[in-house]
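**Student:** So I've got this file, target.cif, and it contains mmCIF, C-alpha atoms:
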data_upload
#
loop_
_atom_site.label_atom_id
_atom_site.label_comp_id
_atom_site.auth_asym_id
_atom_site.auth_seq_id
_atom_site.Cartn_x
_atom_site.Cartn_y
_atom_site.Cartn_z
CA MET A 1 6.32 57.86 33.69
CA THR A 2 4.37 56.91 30.61
CA ILE A 3 5.39 54.09 28.35
CA ALA A 4 5.25 54.27 24.58
CA LEU A 5 5.15 51.41 22.13
CA ASP A 6 5.86 52.17 18.46
CA LEU A 7 5.51 49.28 16.04
CA ASP A 8 7.27 49.25 12.68
CA HIS A 9 4.37 47.22 11.29
CA VAL A 10 1.19 45.81 12.67
CA VAL A 11 0.99 42.78 10.39
CA ALA A 12 3.46 39.91 10.41
CA GLU A 13 3.62 36.51 8.81
CA CYS A 14 3.88 33.27 10.73
CA GLY A 15 7.56 32.74 11.44
CA GLY A 16 8.28 36.47 11.12
CA HIS A 17 8.84 39.16 13.71
CA PHE A 18 7.13 42.20 15.12
CA THR A 19 9.66 44.96 15.49
CA GLY A 20 9.50 48.43 16.93
CA ARG A 21 10.68 50.64 19.73
CA VAL A 22 9.61 50.82 23.33
CA SER A 23 10.38 53.84 25.42
CA ARG A 24 9.76 55.09 28.89
CA GLN A 25 10.58 58.47 30.34
CA ALA A 26 12.96 58.57 33.25
CA ASP A 27 11.54 59.23 36.69
CA ALA A 28 11.72 62.76 38.09
CA ASP A 29 14.71 64.62 36.66
CA GLY A 30 16.28 61.63 35.03
CA VAL A 31 19.15 61.65 37.50
CA SER A 32 17.62 59.77 40.37
CA SER A 33 18.81 56.20 40.62
CA THR A 34 16.08 55.07 42.95
CA SER A 35 13.35 54.39 40.44
CA ARG A 36 10.84 51.82 41.57
CA ALA A 37 10.33 50.75 37.97
CA ARG A 38 12.51 47.73 37.31
CA ALA A 39 11.82 46.41 33.84
CA VAL A 40 9.52 46.48 30.84
CA ARG A 41 7.98 43.19 29.81
CA LEU A 42 6.88 42.83 26.21
CA VAL A 43 4.50 40.03 25.37
CA LEU A 44 2.99 38.86 22.08
CA ARG A 45 -0.10 36.88 22.88
CA TYR A 46 -3.24 35.55 21.32
CA ARG A 47 -6.64 35.11 22.83
CA THR A 48 -9.88 33.82 21.44
CA GLU A 49 -13.32 35.35 21.47
CA GLY A 50 -16.62 33.80 20.58
CA ARG A 51 -18.84 31.01 21.69
CA GLY A 52 -16.14 28.70 22.97
CA ASP A 53 -14.25 29.02 26.21
CA THR A 54 -11.35 31.43 25.93
CA ASP A 55 -7.94 30.18 24.90
CA ARG A 56 -5.11 32.52 25.70
CA GLN A 57 -1.40 32.07 25.35
CA ASP A 58 1.74 34.19 25.40
CA VAL A 59 3.62 33.12 22.30
CA SER A 60 6.75 35.19 22.77
CA ASN A 61 8.05 37.67 25.30
CA LEU A 62 10.98 39.90 26.12
CA GLU A 63 12.15 41.47 29.35
CA LEU A 64 14.00 44.75 29.00
CA GLU A 65 15.87 46.11 32.00
CA LEU A 66 15.34 49.78 32.72
CA GLU A 67 18.11 52.26 33.41
CA PRO A 68 18.66 53.08 37.09
CA HIS A 69 16.61 56.25 36.61
CA GLY A 70 13.75 54.25 35.14
CA GLY A 71 14.16 55.38 31.54
CA LEU A 72 14.33 53.26 28.43
CA ASN A 73 14.40 53.74 24.69
CA THR A 74 15.27 50.64 22.76
CA ALA A 75 14.34 48.59 19.73
CA PHE A 76 12.79 45.18 20.11
CA SER A 77 11.91 42.19 18.00
CA LEU A 78 9.26 39.68 19.01
CA PRO A 79 9.16 36.43 17.05
CA VAL A 80 5.87 35.11 15.70
CA PRO A 81 5.38 31.34 15.99
CA PRO A 82 5.85 29.62 12.62
CA ASN A 83 2.86 27.32 13.05
CA GLY A 84 0.24 29.85 13.99
CA PRO A 85 -2.51 30.16 14.86
CA VAL A 86 -3.09 33.06 12.49
CA SER A 87 -5.44 35.91 13.26
CA TYR A 88 -8.89 34.61 12.46
CA ASP A 89 -12.41 36.00 12.32
CA GLY A 90 -14.86 33.17 11.84
CA ARG A 91 -18.49 32.43 12.54
CA MET A 92 -18.08 31.05 16.04
CA LEU A 93 -14.60 32.08 17.04
CA ARG A 94 -11.98 34.75 16.63
CA VAL A 95 -8.27 34.60 17.24
CA LEU A 96 -6.90 38.00 18.21
CA TYR A 97 -3.27 38.97 18.71
CA GLU A 98 -1.89 41.84 20.73
CA ILE A 99 1.43 43.11 21.96
CA GLU A 100 1.49 44.27 25.54
CA ALA A 101 4.20 46.35 27.17
CA ARG A 102 4.02 46.32 30.94
CA VAL A 103 6.26 48.20 33.34
CA ASP A 104 7.24 46.16 36.36
CA VAL A 105 6.97 48.60 39.26
CA LYS A 106 8.00 47.53 42.72
CA LEU A 107 5.08 47.43 45.15
CA ALA A 108 2.73 49.29 42.84
CA ARG A 109 0.31 48.73 40.02
CA ASP A 110 2.10 47.90 36.77
CA PRO A 111 1.14 50.36 34.04
CA LYS A 112 0.70 48.76 30.65
CA ILE A 113 -0.07 49.55 27.06
CA GLU A 114 -1.51 47.22 24.40
CA ARG A 115 -1.50 47.27 20.62
CA PRO A 116 -3.61 44.96 18.45
CA VAL A 117 -1.66 43.23 15.69
CA LEU A 118 -2.39 40.75 12.95
CA VAL A 119 -0.67 37.48 12.15
CA VAL A 120 -1.20 36.25 8.59
CA PRO A 121 -0.08 33.06 6.83
CA VAL A 122 3.37 32.80 5.30
CA GLY A 123 3.34 34.67 1.99
CA GLY A 124 0.20 36.55 2.97
CA LEU A 125 1.55 40.07 3.49
CA GLY A 126 -0.33 42.37 1.15
CA VAL A 127 -2.33 39.49 -0.30
CA TYR A 128 -4.21 37.74 2.44
CA ASP A 129 -7.25 39.86 3.25
CA ARG A 130 -8.61 37.79 6.09
CA PRO A 131 -9.88 38.09 8.77
CA HIS A 132 -12.55 40.34 7.33
CA PRO A 133 -12.34 43.21 7.47
CA LEU A 134 -8.70 43.86 8.13
CA PRO A 135 -8.49 46.75 10.55
CA PHE A 136 -5.25 47.81 8.91
CA ASP A 137 -4.00 48.01 5.35
CA PRO A 138 -1.31 45.35 5.13
CA SER A 139 0.00 46.67 1.81
CA ARG A 140 1.43 49.65 3.69
CA PHE A 141 3.77 47.34 5.48
CA ARG A 142 5.15 45.25 2.64
CA MET B 1 12.10 35.63 7.49
CA SER B 2 12.55 31.99 8.33
CA PRO B 3 11.21 29.50 5.81
CA TYR B 4 7.98 27.79 6.66
CA GLU B 5 8.37 24.40 8.24
CA PRO B 6 5.41 22.16 8.92
CA PRO B 7 4.87 21.31 12.55
CA VAL B 8 6.41 18.08 13.71
CA ASP B 9 3.18 16.96 15.30
CA ALA B 10 0.96 17.78 12.35
CA PRO B 11 -1.68 15.08 11.96
CA ALA B 12 -0.84 12.61 9.24
CA SER B 13 -3.22 13.26 6.40
CA THR B 14 -3.37 9.67 5.26
CA VAL B 15 -4.93 8.33 8.42
CA VAL B 16 -8.51 7.19 8.00
CA ARG B 17 -10.94 8.83 10.36
CA GLN B 18 -14.04 6.99 11.37
CA PRO B 19 -17.35 8.86 10.95
CA ARG B 20 -16.99 11.36 13.70
CA GLY B 21 -18.91 10.91 16.91
CA LYS B 22 -21.16 8.15 15.63
CA LEU B 23 -19.40 5.22 17.30
CA ARG B 24 -18.85 7.15 20.51
CA ARG B 25 -22.52 8.08 20.64
CA PHE B 26 -23.56 4.48 20.15
CA ALA B 27 -21.09 3.33 22.79
CA TRP B 28 -22.70 5.72 25.24
CA ILE B 29 -26.21 4.53 24.42
CA GLY B 30 -25.12 0.91 24.64
CA GLY B 31 -23.45 1.47 27.99
CA VAL B 32 -26.49 3.20 29.45
CA ALA B 33 -28.79 0.46 28.10
CA ALA B 34 -26.60 -2.28 29.57
CA LEU B 35 -26.56 -0.49 32.92
CA ALA B 36 -30.35 -0.15 32.85
CA LEU B 37 -30.71 -3.85 32.10
CA VAL B 38 -28.42 -4.76 34.99
CA LEU B 39 -30.34 -2.52 37.39
CA PHE B 40 -33.88 -3.27 36.31
CA GLY B 41 -33.46 -6.62 34.57
CA ARG B 42 -34.87 -8.73 37.38
CA ALA B 43 -38.17 -6.88 37.23
CA LEU B 44 -38.52 -7.47 33.49
CA GLY B 45 -37.90 -11.15 33.17
CA ALA B 46 -35.58 -13.14 30.90
CA GLY B 47 -37.87 -13.12 27.84
CA VAL B 48 -38.22 -9.36 27.77
CA ILE B 49 -34.46 -8.88 28.18
CA VAL B 50 -33.72 -11.21 25.27
CA LEU B 51 -36.24 -9.30 23.15
CA ILE B 52 -34.70 -5.93 24.05
CA VAL B 53 -31.17 -7.16 23.31
CA ALA B 54 -32.29 -8.65 19.98
CA LEU B 55 -34.04 -5.42 18.97
CA ALA B 56 -31.00 -3.35 19.92
CA ALA B 57 -28.67 -5.65 17.99
CA GLY B 58 -30.98 -5.47 14.97
CA ALA B 59 -31.12 -1.68 15.11
CA VAL B 60 -27.35 -1.38 15.36
CA THR B 61 -26.84 -3.81 12.49
CA LEU B 62 -29.36 -1.90 10.38
CA PHE B 63 -27.69 1.42 11.13
CA PHE B 64 -24.19 0.16 10.38
CA ARG B 65 -25.13 -2.28 7.61
CA ASP B 66 -23.20 -0.43 4.91
CA SER B 67 -20.13 -0.07 7.08
CA VAL B 68 -20.25 -3.70 8.17
CA ALA B 69 -20.74 -4.96 4.63
CA ALA B 70 -17.89 -2.79 3.37
CA ALA B 71 -15.57 -3.87 6.16
CA LEU B 72 -16.17 -7.53 5.32
CA ARG B 73 -15.28 -7.11 1.64
CA TRP B 74 -12.92 -4.16 1.50
CA HIS B 75 -9.87 -2.86 3.29
CA PRO B 76 -10.07 0.67 4.69
CA PRO B 77 -9.39 3.31 2.03
CA VAL B 78 -6.19 5.30 1.86
CA ILE B 79 -5.58 8.72 0.40
CA GLU B 80 -2.23 9.80 -0.92
CA LEU B 81 -1.37 13.46 -0.83
CA GLY B 82 1.17 15.11 -3.05
CA GLU B 83 2.25 17.42 -0.29
CA THR B 84 1.39 17.97 3.32
CA PRO B 85 0.45 20.24 4.92
CA GLN B 86 -1.86 21.72 2.35
CA ARG B 87 -1.46 25.38 1.41
CA LEU B 88 -4.22 27.96 1.37
CA GLY B 89 -5.20 28.76 -2.19
CA SER B 90 -3.67 25.61 -3.63
CA THR B 91 -5.20 22.84 -5.68
CA ALA B 92 -4.20 19.51 -4.24
CA ARG B 93 -4.02 16.28 -6.19
CA ILE B 94 -5.22 13.39 -4.12
CA GLY B 95 -4.99 9.74 -4.89
CA TYR B 96 -7.76 7.58 -3.45
CA ARG B 97 -7.07 3.85 -3.22
CA ARG B 98 -9.07 1.00 -1.83
CA LYS B 99 -8.17 -2.66 -1.87
CA ALA B 100 -10.65 -5.51 -1.89
CA ARG B 101 -10.30 -8.45 0.47
CA ARG B 102 -11.08 -10.79 -2.41
CA PRO B 103 -10.99 -10.20 -6.18
CA VAL B 104 -13.70 -7.89 -7.45
CA ASP B 105 -14.27 -6.78 -11.02
CA VAL B 106 -14.75 -3.01 -10.85
CA SER B 107 -15.87 -1.83 -14.24
CA GLU B 108 -17.44 1.48 -13.36
CA CYS B 109 -17.09 3.68 -10.36
CA ASN B 110 -17.55 7.28 -9.36
CA VAL B 111 -15.81 8.78 -6.36
CA GLU B 112 -17.64 11.69 -4.76
CA CYS B 113 -15.72 14.02 -2.57
CA ARG B 114 -16.92 16.66 -0.14
CA LEU B 115 -14.28 19.04 1.12
CA TYR B 116 -15.37 21.13 4.05
CA CYS B 117 -13.97 23.45 6.66
CA GLU B 118 -15.49 23.26 10.09
CA GLU B 119 -15.25 25.40 13.18
CA GLU B 120 -15.50 23.55 16.46
CA VAL B 121 -15.82 25.27 19.83
CA THR B 122 -16.11 23.78 23.28
CA TYR B 123 -17.61 25.61 26.21
CA THR B 124 -18.84 24.94 29.69
CA ARG B 125 -22.54 25.32 30.44
CA GLY B 126 -23.26 24.60 34.08
CA THR B 127 -21.57 21.31 34.76
CA ASP B 128 -21.75 20.18 31.13
CA THR B 129 -19.14 20.56 28.45
CA VAL B 130 -20.79 21.42 25.15
CA THR B 131 -19.22 21.17 21.71
CA ASP B 132 -20.66 23.11 18.78
CA LYS B 133 -19.63 22.62 15.17
CA LYS B 134 -20.39 24.70 12.15
CA THR B 135 -19.44 24.06 8.56
CA ILE B 136 -18.20 27.34 7.10
CA TYR B 137 -17.05 26.20 3.68
CA GLU B 138 -17.99 23.28 1.51
CA GLU B 139 -17.12 22.13 -1.98
CA ARG B 140 -18.17 18.98 -3.79
CA THR B 141 -16.32 17.31 -6.61
CA SER B 142 -16.48 13.92 -8.21
CA SER B 143 -14.14 11.90 -10.31
CA ALA B 144 -14.33 8.67 -12.26
CA GLY B 145 -12.45 5.83 -10.68
CA GLN B 146 -10.74 2.89 -12.29
CA GLY B 147 -10.53 -0.72 -11.35
CA THR B 148 -7.10 -1.96 -10.34
CA PRO B 149 -5.88 -5.54 -9.90
CA ASP B 150 -6.52 -5.34 -6.17
CA GLY B 151 -9.46 -2.92 -5.97
CA PHE B 152 -10.01 0.51 -7.42
CA ALA B 153 -8.43 3.95 -7.46
CA ALA B 154 -9.30 7.51 -8.36
CA ASP B 155 -7.45 10.77 -8.69
CA LEU B 156 -9.12 13.80 -7.20
CA ALA B 157 -8.39 17.50 -7.40
CA ILE B 158 -9.52 19.68 -4.53
CA HIS B 159 -9.14 23.40 -4.10
CA ILE B 160 -8.24 24.70 -0.65
CA THR B 161 -9.72 28.16 -0.80
CA ALA B 162 -7.97 31.10 0.80
CA ASN B 163 -11.19 33.12 0.81
CA ALA B 164 -13.13 31.17 3.41
CA GLY B 165 -12.25 29.41 6.58
CA GLY B 166 -8.59 29.52 7.45
CA PRO B 167 -5.64 27.33 8.17
CA THR B 168 -6.03 24.51 10.63
CA ILE B 169 -6.31 25.84 14.17
CA ALA B 170 -6.15 23.42 17.06
CA LEU B 171 -6.47 25.24 20.38
CA ALA B 172 -7.89 23.74 23.52
CA HIS B 173 -11.44 25.07 23.06
CA ASN B 174 -11.43 26.64 19.61
CA GLU B 175 -10.60 24.72 16.48
CA VAL B 176 -10.74 24.99 12.72
CA HIS B 177 -10.41 21.77 10.75
CA TRP B 178 -10.57 20.70 7.13
CA TYR B 179 -12.09 17.36 6.22
CA LEU B 180 -12.41 15.31 3.11
CA GLU B 181 -15.46 13.08 3.06
CA ILE B 182 -15.45 10.44 0.35
CA THR B 183 -18.18 8.15 -0.90
CA VAL B 184 -18.09 5.76 -3.84
CA ARG B 185 -20.89 4.96 -6.27
CA GLY B 186 -20.96 1.90 -8.45
CA ALA B 187 -21.97 -1.72 -8.66
CA ARG B 188 -20.32 -4.08 -6.18
CA LEU B 189 -18.62 -1.18 -4.48
CA PRO B 190 -18.68 -0.30 -0.79
CA ARG B 191 -21.43 2.09 0.19
CA ASP B 192 -19.81 3.39 3.33
CA LYS B 193 -18.41 6.87 3.89
CA HIS B 194 -14.99 7.84 5.14
CA SER B 195 -13.62 11.12 6.42
CA PHE B 196 -10.00 12.19 6.33
CA GLU B 197 -8.61 15.20 8.08
CA LEU B 198 -6.43 17.47 6.00
CA PHE B 199 -3.89 19.60 7.77
CA VAL B 200 -3.90 23.05 6.16
CA GLY B 201 -0.80 24.94 7.18
CA PRO B 202 -0.61 28.69 7.76
CA VAL B 203 1.00 29.28 4.40
CA LEU B 204 -0.35 30.80 1.21
CA ASP B 205 0.23 29.05 -2.08
CA PRO B 206 2.84 30.96 -4.14
CA GLY B 207 0.64 30.58 -7.22
CA LEU B 208 -2.24 32.37 -5.52
CA ARG B 209 0.06 35.17 -4.45
CA ALA B 210 1.26 35.63 -8.03
CA ARG B 211 -2.31 35.62 -9.38
CA VAL B 212 -3.47 38.21 -6.86
CA GLN B 213 -0.53 40.47 -7.58
CA ASP B 214 -1.14 40.20 -11.33
CA THR B 215 -4.64 41.54 -10.87
#
Now, as a test, write the supplied structure out as structure tokens.
**Tutor:**
Amino acid sequence: MTIALDLDHVVAECGGHFTGRVSRQADADGVSSTSRARAVRLVLRYRTEGRGDTDRQDVSNLELELEPHGGLNTAFSLPVPPNGPVSYDGRMLRVLYEIEARVDVKLARDPKIERPVLVVPVGGLGVYDRPHPLPFDPSRFR
Amino acid sequence: MSPYEPPVDAPASTVVRQPRGKLRRFAWIGGVAALALVLFGRALGAGVIVLIVALAAGAVTLFFRDSVAAALRWHPPVIELGETPQRLGSTARIGYRRKARRPVDVSECNVECRLYCEEEVTYTRGTDTVTDKKTIYEERTSSAGQGTPDGFAADLAIHITANAGGPTIALAHNEVHWYLEITVRGARLPRDKHSFELFVGPVLDPGLRARVQDT
């Protein structure tokens, strides 16, 4: 029943893509075709933290239909907006990005999983070291 | 990877911005004062009202004297940018031009430039909406200007650092902006101050990338 989200890279440039695989085990024995899970929704969103009121926006999303038995194992690609905002860690505000995978389950709580990601300026992969400190090593993903 | 394209609605960098907040603040004070005079004017008498209005007009004139004097003799300044939006880590060449309303002999002038990056956040406190601003990066440069047949001009070089601040961010309650504040020193030159907003795109200058990789 658990959902797994594997990202190929956790840093992307504006105008680029986050790619990876999302998988979900089939219900029961994998034969049943009566799964209450209907789809997996992938969302790339930003939200702000800090002194100001929170800004939050889904910048791209994907809806992946599940197999009749509720299983899924597929690659995905989520586009990053070309004009930002980029991930930012300032004095009064932060801009944080995350990818969320949520299973749409009929008449039940939707399980979800989240992964923090970074969006850097165009040409910034492996060079741009802000926001400080980077929680990941971008050079690994060049 | 798709090539970077500047946003269609990016603010035009050559638009003159008035000193931020000053006029709006004075408009508020003036409105409240006028309302108070309307409400309580009868109790004060005509002589007192005339005195209050004269004092207020004098104070406003004193406060804006440089701006008023400059506006009477000079057209608003214009900056010309080589490229827009600006790139993080780039050095931008900026042309500053200002025309006089009537011929002026400008023999010597110095253009002082303050480039700064400012965070601006808006939040709700009770029933009030509060805006806080903080300057997080600042750099000052100056350049000698030259007289032209219709005024004067100067070429400036400013460095948009990639190591402080960030690209322009314009969200509903959280913003990062870059401004260029320019003042001019010299005889017979305007003594006002103008701010221009620079749009810094989320793109790193290729030259900076090459320099970092070389090290």
**Student:** Run the PyMOL selection byres ((chain A) within 12 of (chain B)) against the file shown and list the residues it catches, as a PyMOL selection string.
**Tutor:** chain A and resi 12-18+46-57+79-95+119-132+139
**Student:** Which distance in Å separates atom CA of His9 of chain A and atom CA of Gln25 of chain A, to one decimal?
**Tutor:**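 Taking atom CA of His9 of chain A and atom CA of Gln25 of chain A, their separation equals 23.0 Å.
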**Student:** Please expand the PyMOL selection byres ((chain A and resi 2) around 8) into the concrete residues it hits in this file, giving the result as a ChimeraX atom specification.
**Tutor:** /A:1,3-4,24-25
**Student:** Any idea what the distance is between atom CA of Asp27 of chain A and atom CA of Glu63 of chain A?
**Tutor:**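 Pair atom CA of Asp27 of chain A / atom CA of Glu63 of chain A returns 19.2 Å.
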**Student:** What does the distance from atom CA of Gly30 of chain B to atom CA of Ile52 of chain B come to in Å, to one decimal?
**Tutor:**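 Value for the atom CA of Gly30 of chain B-atom CA of Ile52 of chain B distance: 11.8 Å.
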**Student:** Please report as JSON lines every residue of segment 84-104 of chain B lying within 7 Å of segment 138-158 of chain B, along with the nearest atom pair and their distance in Å (one decimal), using all atoms listed in the file.
**Tutor:**
{"residue": "B:Thr91", "atom": "CA", "partner": "B:Ile158", "partner_atom": "CA", "distance": 5.5}
{"residue": "B:Ala92", "atom": "CA", "partner": "B:Ile158", "partner_atom": "CA", "distance": 5.3}
{"residue": "B:Arg93", "atom": "CA", "partner": "B:Ala157", "partner_atom": "CA", "distance": 4.7}
{"residue": "B:Ile94", "atom": "CA", "partner": "B:Leu156", "partner_atom": "CA", "distance": 5.0}
{"residue": "B:Gly95", "atom": "CA", "partner": "B:Asp155", "partner_atom": "CA", "distance": 4.6}
{"residue": "B:Tyr96", "atom": "CA", "partner": "B:Ala154", "partner_atom": "CA", "distance": 5.1}
{"residue": "B:Arg97", "atom": "CA", "partner": "B:Ala153", "partner_atom": "CA", "distance": 4.5}
{"residue": "B:Arg98", "atom": "CA", "partner": "B:Phe152", "partner_atom": "CA", "distance": 5.7}
{"residue": "B:Lys99", "atom": "CA", "partner": "B:Gly151", "partner_atom": "CA", "distance": 4.3}
{"residue": "B:Ala100", "atom": "CA", "partner": "B:Gly151", "partner_atom": "CA", "distance": 5.0}
{"residue": "B:Pro103", "atom": "CA", "partner": "B:Asp150", "partner_atom": "CA", "distance": 6.6}
{"residue": "B:Val104", "atom": "CA", "partner": "B:Gly151", "partner_atom": "CA", "distance": 6.7}
**Student:** How about saving the chosen residues, C-alpha atoms kept, as a short mmCIF file (atom, residue, chain, number, x, y, z; two decimals), keeping the file's coordinate frame?
**Tutor:**
data_model
loop_
_atom_site.label_atom_id
_atom_site.label_comp_id
_atom_site.auth_asym_id
_atom_site.auth_seq_id
_atom_site.Cartn_x
_atom_site.Cartn_y
_atom_site.Cartn_z
CA THR B 91 -5.20 22.84 -5.68
CA ALA B 92 -4.20 19.51 -4.24
CA ARG B 93 -4.02 16.28 -6.19
CA ILE B 94 -5.22 13.39 -4.12
CA GLY B 95 -4.99 9.74 -4.89
CA TYR B 96 -7.76 7.58 -3.45
CA ARG B 97 -7.07 3.85 -3.22
CA ARG B 98 -9.07 1.00 -1.83
CA LYS B 99 -8.17 -2.66 -1.87
CA ALA B 100 -10.65 -5.51 -1.89
CA PRO B 103 -10.99 -10.20 -6.18
CA VAL B 104 -13.70 -7.89 -7.45
#
**Student:** Find the residue from A:Val22, A:Leu44, A:Leu96, A:Ala37 that sits nearest to Asp8 of chain A; use all atoms listed in the file when measuring.
**Tutor:** A:Val22
**Student:** Can you give me, as an MDAnalysis selection string, the residues this file yields under the PyMOL selection byres ((chain B and resi 73-76) around 9)?
**Tutor:** chainID B and resid 16 68:72 77:78 98:102 151 189:190 194
**Student:** Using only C-alpha atoms, which protein or nucleic acid residues come within 8 Å of Thr19 of chain A? Drop anything in the same chain fewer than 6 positions from it, and give the result as a tab-separated table (two decimals) with C-alpha atoms, in the frame of the given file.
**Tutor:**
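That gives us result-v1.tsv:
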chain	number	residue	atom	x	y	z
A	7	LEU	CA	5.51	49.28	16.04
A	8	ASP	CA	7.27	49.25	12.68
A	9	HIS	CA	4.37	47.22	11.29
A	75	ALA	CA	14.34	48.59	19.73
A	76	PHE	CA	12.79	45.18	20.11
A	77	SER	CA	11.91	42.19	18.00
A	78	LEU	CA	9.26	39.68	19.01
**Student:** Using the atoms already present, construct N, CA and C atoms for segment 41-63 of chain A and hand them back as a CSV table (one decimal), in the coordinates of the input.
**Tutor:**
chain,number,residue,atom,x,y,z
A,41,ARG,N,8.2,44.5,30.4
A,41,ARG,CA,8.0,43.2,29.8
A,41,ARG,C,7.1,43.3,28.6
A,42,LEU,N,7.6,42.8,27.5
A,42,LEU,CA,6.9,42.8,26.2
A,42,LEU,C,6.4,41.4,25.9
A,43,VAL,N,5.1,41.3,25.6
A,43,VAL,CA,4.5,40.0,25.4
A,43,VAL,C,3.7,40.1,24.1
A,44,LEU,N,3.9,39.1,23.2
A,44,LEU,CA,3.0,38.9,22.1
A,44,LEU,C,2.1,37.7,22.5
A,45,ARG,N,0.8,37.9,22.5
A,45,ARG,CA,-0.1,36.9,22.9
A,45,ARG,C,-1.3,36.8,22.0
A,46,TYR,N,-1.9,35.6,22.0
A,46,TYR,CA,-3.2,35.6,21.3
A,46,TYR,C,-4.3,35.2,22.4
A,47,ARG,N,-5.5,35.5,22.0
A,47,ARG,CA,-6.6,35.1,22.8
A,47,ARG,C,-7.8,34.9,21.9
A,48,THR,N,-8.7,34.1,22.3
A,48,THR,CA,-9.9,33.8,21.4
A,48,THR,C,-11.1,34.5,22.0
A,49,GLU,N,-12.0,34.8,21.1
A,49,GLU,CA,-13.3,35.4,21.5
A,49,GLU,C,-14.4,34.5,20.7
A,50,GLY,N,-15.5,34.5,21.3
A,50,GLY,CA,-16.6,33.8,20.6
A,50,GLY,C,-17.4,32.9,21.5
A,51,ARG,N,-18.0,31.9,20.9
A,51,ARG,CA,-18.8,31.0,21.7
A,51,ARG,C,-18.1,30.1,22.6
A,52,GLY,N,-16.9,29.7,22.2
A,52,GLY,CA,-16.1,28.7,23.0
A,52,GLY,C,-15.5,29.3,24.2
A,53,ASP,N,-15.0,28.5,25.1
A,53,ASP,CA,-14.2,29.0,26.2
A,53,ASP,C,-13.0,29.7,25.7
A,54,THR,N,-12.5,30.6,26.4
A,54,THR,CA,-11.4,31.4,25.9
A,54,THR,C,-10.0,30.6,26.0
A,55,ASP,N,-9.3,30.7,24.9
A,55,ASP,CA,-7.9,30.2,24.9
A,55,ASP,C,-7.0,31.4,24.8
A,56,ARG,N,-6.0,31.4,25.6
A,56,ARG,CA,-5.1,32.5,25.7
A,56,ARG,C,-3.7,32.0,25.9
A,57,GLN,N,-2.8,32.5,25.2
A,57,GLN,CA,-1.4,32.1,25.4
A,57,GLN,C,-0.4,33.2,25.0
A,58,ASP,N,0.6,33.3,25.8
A,58,ASP,CA,1.7,34.2,25.4
A,58,ASP,C,2.6,33.4,24.5
A,59,VAL,N,2.8,33.9,23.3
A,59,VAL,CA,3.6,33.1,22.3
A,59,VAL,C,5.1,33.6,22.3
A,60,SER,N,5.4,34.8,22.6
A,60,SER,CA,6.8,35.2,22.8
A,60,SER,C,6.8,36.4,23.7
A,61,ASN,N,7.9,36.6,24.4
A,61,ASN,CA,8.0,37.7,25.3
A,61,ASN,C,9.5,38.1,25.4
A,62,LEU,N,9.7,39.3,25.9
A,62,LEU,CA,11.0,39.9,26.1
A,62,LEU,C,10.9,40.7,27.4
A,63,GLU,N,12.1,40.6,28.2
A,63,GLU,CA,12.2,41.5,29.4
A,63,GLU,C,13.3,42.4,29.2
